[in-house]
Amino acid sequence: VDISDRSLKFAELFLKNDHLELGQFGSKVMPEGMLASGEIKDKKGLIDFLKKSFEDFYGREIILDLPEEKAFLGLVTLPPMPEANIREALELQLEEHVPLSASEAIFDYELISSPEVKDHLDVILVAFPKTLVEGYRDVVKEAGLNPLVFEMETQALVRAVWPKDEDGTIMVVDFGRTRTSFAIVSGGIIR
């Protein structure tokens, strides 16, 4: 599910004979005033809109794209350490990389270092304001949906269009109604 200021986009997948099949998909125009620059402005209106939009869907579990204009993305270099310690190390130095404290942010990361590199770890850090994530979580839950995953819009787009055998660097451009965004992608990871 992708909720933006101007539209709601969705694709329903279901498991059939051990593979995923596409069910319902499409988009709906978002009524004005519910969102502005990715921030929820009319919580009750958005809940009602989502309830009506998904009343004919069988599944309730969703993967929700969060507005990339509210995301912070960066490459962080860490000293060598066990993978189990990376989250704690990032949390301790989060404010060095994003303008949010650890208590104000929800973040995740992706390790991109190769086994050949021994002197450091490269990590892609993605962080969102905690209030934004919790706001979207509360709205979709109140609309009767169960959010399993939250991710940045561009992450979903890259995963959808990245060729499986590509190992080089490409640029992905998303032309929207009111904005255009682009991402540099190398090895399937947004840089």
# chains A, B, ... in the order shown; residues from 1 in each chain; ligands from 1
>>> residues_around(residues="A:Ile124", least_positions_apart="5", cutoff="6 Å", atoms="only C-alpha atoms", output="number ranges by chain")
A: 74-75, 109-110
>>> write_last_selection(atoms="C-alpha atoms", output="PDB file, in the first residue's frame")
ATOM      1  CA  GLY A  74      22.783   7.702   4.699  1.00  0.00           C
ATOM      2  CA  LEU A  75      25.876   5.579   4.373  1.00  0.00           C
ATOM      3  CA  TYR A 109      19.767  -0.578   8.307  1.00  0.00           C
ATOM      4  CA  GLU A 110      21.191  -2.803   5.637  1.00  0.00           C
TER       5      GLU A 110
END
>>> select_by_dssp(residues="stretch 16-189 of chain A", states="helix (DSSP H, G or I)", output="ChimeraX atom specification")
/A:43-53,68-70,83-92,94-96,102-104,130-142,153-161
>>> closest_residue(among="A:Gly45, A:Leu111, A:Val98, A:Phe57", to="A:Glu83", atoms="only C-alpha atoms")
A:Leu111
>>> closest_residue(among="A:Glu151, A:Glu12, A:Asp2, A:Asp119", to="A:Phe72", atoms="only C-alpha atoms")
A:Glu151
>>> residues_around(residues="A:Ala36", least_positions_apart="4", cutoff="8 Å", atoms="only C-alpha atoms", output="CSV table (one decimal) with C-alpha atoms, in the first residue's frame")
chain,number,residue,atom,x,y,z
A,5,ASP,CA,-0.8,13.3,-0.6
A,40,ILE,CA,-1.4,13.1,8.2
A,41,LYS,CA,-3.6,16.2,8.6
>>> closest_residue(among="A:Gln93, A:Glu104, A:Glu134, A:Val76", to="A:Asp122", atoms="only C-alpha atoms")
A:Val76
>>> residues_around(residues="stretch 160-162 of chain A", least_positions_apart="5", cutoff="12 Å", atoms="only C-alpha atoms", output="list in words")
Glu153, Thr154, Gln155, Asp167, Gly168, Thr169, Ile170, Met171, Val172, Val173, Asp174, Ala183, Ile184, Val185, Ser186, Gly187, Gly188, Ile189 and Ile190 of chain A
>>> write_last_selection(atoms="all heavy atoms", output="CSV table (one decimal), in the first residue's frame")
chain,number,residue,atom,x,y,z
A,153,GLU,N,9.3,4.6,0.3
A,153,GLU,CA,8.7,4.4,-1.0
A,153,GLU,C,9.7,3.9,-2.0
A,153,GLU,O,9.5,3.0,-2.8
A,153,GLU,CB,8.2,5.8,-1.5
A,153,GLU,CG,6.9,6.2,-0.9
A,153,GLU,CD,6.5,7.6,-1.4
A,153,GLU,OE1,7.1,8.6,-0.9
A,153,GLU,OE2,5.7,7.7,-2.3
A,154,THR,N,10.9,4.6,-2.0
A,154,THR,CA,11.9,4.3,-3.0
A,154,THR,C,12.4,2.8,-2.9
A,154,THR,O,12.8,2.2,-3.8
A,154,THR,CB,13.1,5.3,-3.0
A,154,THR,OG1,12.5,6.6,-3.0
A,154,THR,CG2,14.0,5.1,-4.1
A,155,GLN,N,12.5,2.3,-1.6
A,155,GLN,CA,12.9,1.0,-1.4
A,155,GLN,C,12.0,0.0,-2.1
A,155,GLN,O,12.4,-1.0,-2.8
A,155,GLN,CB,13.0,0.6,0.1
A,155,GLN,CG,14.1,1.3,0.8
A,155,GLN,CD,14.1,1.0,2.3
A,155,GLN,OE1,13.1,1.3,2.9
A,155,GLN,NE2,15.2,0.6,2.9
A,167,ASP,N,24.2,-6.2,-11.4
A,167,ASP,CA,25.1,-6.0,-10.3
A,167,ASP,C,25.9,-4.7,-10.4
A,167,ASP,O,26.7,-4.4,-9.6
A,167,ASP,CB,26.2,-7.2,-10.1
A,167,ASP,CG,27.0,-7.3,-11.4
A,167,ASP,OD1,26.8,-6.6,-12.4
A,167,ASP,OD2,28.0,-8.1,-11.3
A,168,GLY,N,25.5,-3.9,-11.3
A,168,GLY,CA,26.1,-2.6,-11.5
A,168,GLY,C,25.4,-1.5,-10.8
A,168,GLY,O,24.7,-1.7,-9.8
A,169,THR,N,25.5,-0.3,-11.3
A,169,THR,CA,24.9,0.9,-10.7
A,169,THR,C,23.9,1.5,-11.7
A,169,THR,O,24.2,1.6,-12.9
A,169,THR,CB,26.0,1.9,-10.3
A,169,THR,OG1,26.9,1.3,-9.4
A,169,THR,CG2,25.4,3.2,-9.7
A,170,ILE,N,22.7,1.8,-11.2
A,170,ILE,CA,21.7,2.4,-12.1
A,170,ILE,C,21.0,3.6,-11.3
A,170,ILE,O,21.2,3.7,-10.1
A,170,ILE,CB,20.6,1.4,-12.6
A,170,ILE,CG1,19.8,0.9,-11.4
A,170,ILE,CG2,21.2,0.3,-13.4
A,170,ILE,CD1,18.6,0.1,-11.8
A,171,MET,N,20.3,4.4,-12.1
A,171,MET,CA,19.5,5.5,-11.5
A,171,MET,C,18.1,5.1,-11.7
A,171,MET,O,17.7,4.8,-12.8
A,171,MET,CB,19.8,6.8,-12.1
A,171,MET,CG,19.0,7.9,-11.4
A,171,MET,SD,19.6,9.6,-11.8
A,171,MET,CE,19.5,9.7,-13.5
A,172,VAL,N,17.3,5.2,-10.7
A,172,VAL,CA,15.8,5.0,-10.7
A,172,VAL,C,15.1,6.3,-10.5
A,172,VAL,O,15.4,7.0,-9.6
A,172,VAL,CB,15.3,3.9,-9.7
A,172,VAL,CG1,13.8,3.8,-9.7
A,172,VAL,CG2,16.0,2.6,-9.9
A,173,VAL,N,14.3,6.7,-11.5
A,173,VAL,CA,13.6,8.0,-11.4
A,173,VAL,C,12.1,7.7,-11.3
A,173,VAL,O,11.5,6.9,-12.0
A,173,VAL,CB,13.8,8.8,-12.7
A,173,VAL,CG1,13.1,10.2,-12.6
A,173,VAL,CG2,15.3,9.0,-12.9
A,174,ASP,N,11.4,8.4,-10.4
A,174,ASP,CA,10.0,8.3,-10.1
A,174,ASP,C,9.4,9.6,-10.4
A,174,ASP,O,9.5,10.6,-9.7
A,174,ASP,CB,9.7,7.9,-8.7
A,174,ASP,CG,8.3,7.7,-8.3
A,174,ASP,OD1,7.4,7.8,-9.3
A,174,ASP,OD2,8.0,7.6,-7.1
A,183,ALA,N,16.9,7.9,-7.3
A,183,ALA,CA,17.8,7.2,-6.4
A,183,ALA,C,18.9,6.5,-7.2
A,183,ALA,O,18.7,6.0,-8.3
A,183,ALA,CB,17.0,6.1,-5.7
A,184,ILE,N,20.1,6.6,-6.7
A,184,ILE,CA,21.2,5.9,-7.2
A,184,ILE,C,21.2,4.5,-6.5
A,184,ILE,O,21.3,4.4,-5.3
A,184,ILE,CB,22.5,6.6,-7.0
A,184,ILE,CG1,22.4,8.1,-7.5
A,184,ILE,CG2,23.7,5.9,-7.6
A,184,ILE,CD1,22.1,8.2,-9.0
A,185,VAL,N,21.3,3.5,-7.3
A,185,VAL,CA,21.2,2.1,-6.8
A,185,VAL,C,22.4,1.3,-7.3
A,185,VAL,O,22.7,1.3,-8.5
A,185,VAL,CB,19.9,1.4,-7.3
A,185,VAL,CG1,19.7,0.1,-6.6
A,185,VAL,CG2,18.7,2.3,-6.9
A,186,SER,N,23.0,0.7,-6.3
A,186,SER,CA,24.2,-0.1,-6.7
A,186,SER,C,24.1,-1.5,-6.0
A,186,SER,O,23.8,-1.5,-4.7
A,186,SER,CB,25.5,0.6,-6.3
A,186,SER,OG,26.6,-0.2,-6.7
A,187,GLY,N,24.2,-2.5,-6.7
A,187,GLY,CA,24.0,-3.9,-6.1
A,187,GLY,C,22.7,-4.1,-5.5
A,187,GLY,O,22.5,-4.9,-4.6
A,188,GLY,N,21.6,-3.4,-6.0
A,188,GLY,CA,20.3,-3.6,-5.5
A,188,GLY,C,20.0,-2.7,-4.3
A,188,GLY,O,18.9,-2.8,-3.7
A,189,ILE,N,20.9,-1.9,-3.8
A,189,ILE,CA,20.8,-1.1,-2.6
A,189,ILE,C,20.8,0.3,-2.9
A,189,ILE,O,21.7,0.8,-3.6
A,189,ILE,CB,21.9,-1.5,-1.6
A,189,ILE,CG1,21.8,-3.0,-1.2
A,189,ILE,CG2,21.8,-0.6,-0.3
A,189,ILE,CD1,22.9,-3.5,-0.4
A,190,ILE,N,19.9,1.1,-2.4
A,190,ILE,CA,19.9,2.5,-2.6
A,190,ILE,C,21.1,3.2,-1.9
A,190,ILE,O,21.3,2.9,-0.7
A,190,ILE,CB,18.6,3.2,-2.0
A,190,ILE,CG1,17.3,2.6,-2.7
A,190,ILE,CG2,18.6,4.7,-2.2
A,190,ILE,CD1,16.0,2.9,-2.1
>>> residues_around(residues="A:Ile62", least_positions_apart="5", cutoff="7 Å", atoms="only C-alpha atoms", output="list in words")
Val1, Leu145, Asn146, Pro147 and Leu148 of chain A
>>> write_last_selection(atoms="C-alpha atoms", output="short mmCIF file (atom, residue, chain, number, x, y, z; two decimals), in the first residue's frame")
data_model
loop_
_atom_site.label_atom_id
_atom_site.label_comp_id
_atom_site.auth_asym_id
_atom_site.auth_seq_id
_atom_site.Cartn_x
_atom_site.Cartn_y
_atom_site.Cartn_z
CA VAL A 1 0.00 0.00 0.00
CA LEU A 145 -5.44 -3.27 8.47
CA ASN A 146 -2.44 -5.00 10.00
CA PRO A 147 0.87 -3.39 9.00
CA LEU A 148 3.61 -6.02 8.82
#
>>> closest_residue(among="A:Val133, A:Leu13, A:Leu157, A:Leu121", to="A:Gly38", atoms="only C-alpha atoms")
A:Val133
>>> closest_residue(among="A:Leu35, A:Leu73, A:Leu8, A:Met152", to="A:Lys52", atoms="only C-alpha atoms")
A:Leu8
>>> residues_around(residues="A:His120", least_positions_apart="5", cutoff="9 Å", atoms="only C-alpha atoms", output="VMD selection string")
chain A and resid 77 to 81 113
>>> select_by_dssp(residues="stretch 83-124 of chain A", states="strand (DSSP E or B)", output="ChimeraX atom specification")
/A:105-111,121-124
>>> closest_residue(among="A:Ser37, A:Ser4, A:Gln24, A:Asn85", to="A:Lys70", atoms="only C-alpha atoms")
A:Ser37
>>> residues_around(residues="A:Ala156", least_positions_apart="6", cutoff="10 Å", atoms="only C-alpha atoms", output="list in words")
Asp2, Ile63, Leu64, Asp65, Leu66 and Phe150 of chain A
>>> write_last_selection(atoms="C-alpha atoms", output="mmCIF file, in the first residue's frame")
data_model
loop_
_atom_site.group_PDB
_atom_site.id
_atom_site.type_symbol
_atom_site.label_atom_id
_atom_site.label_comp_id
_atom_site.auth_asym_id
_atom_site.auth_seq_id
_atom_site.Cartn_x
_atom_site.Cartn_y
_atom_site.Cartn_z
ATOM 1 C CA ASP A 2 1.305 3.431 -0.961
ATOM 2 C CA ILE A 63 3.299 -3.605 3.617
ATOM 3 C CA LEU A 64 3.115 0.166 3.834
ATOM 4 C CA ASP A 65 5.344 2.653 2.030
ATOM 5 C CA LEU A 66 6.274 5.675 4.109
ATOM 6 C CA PHE A 150 7.013 -0.169 6.867
#
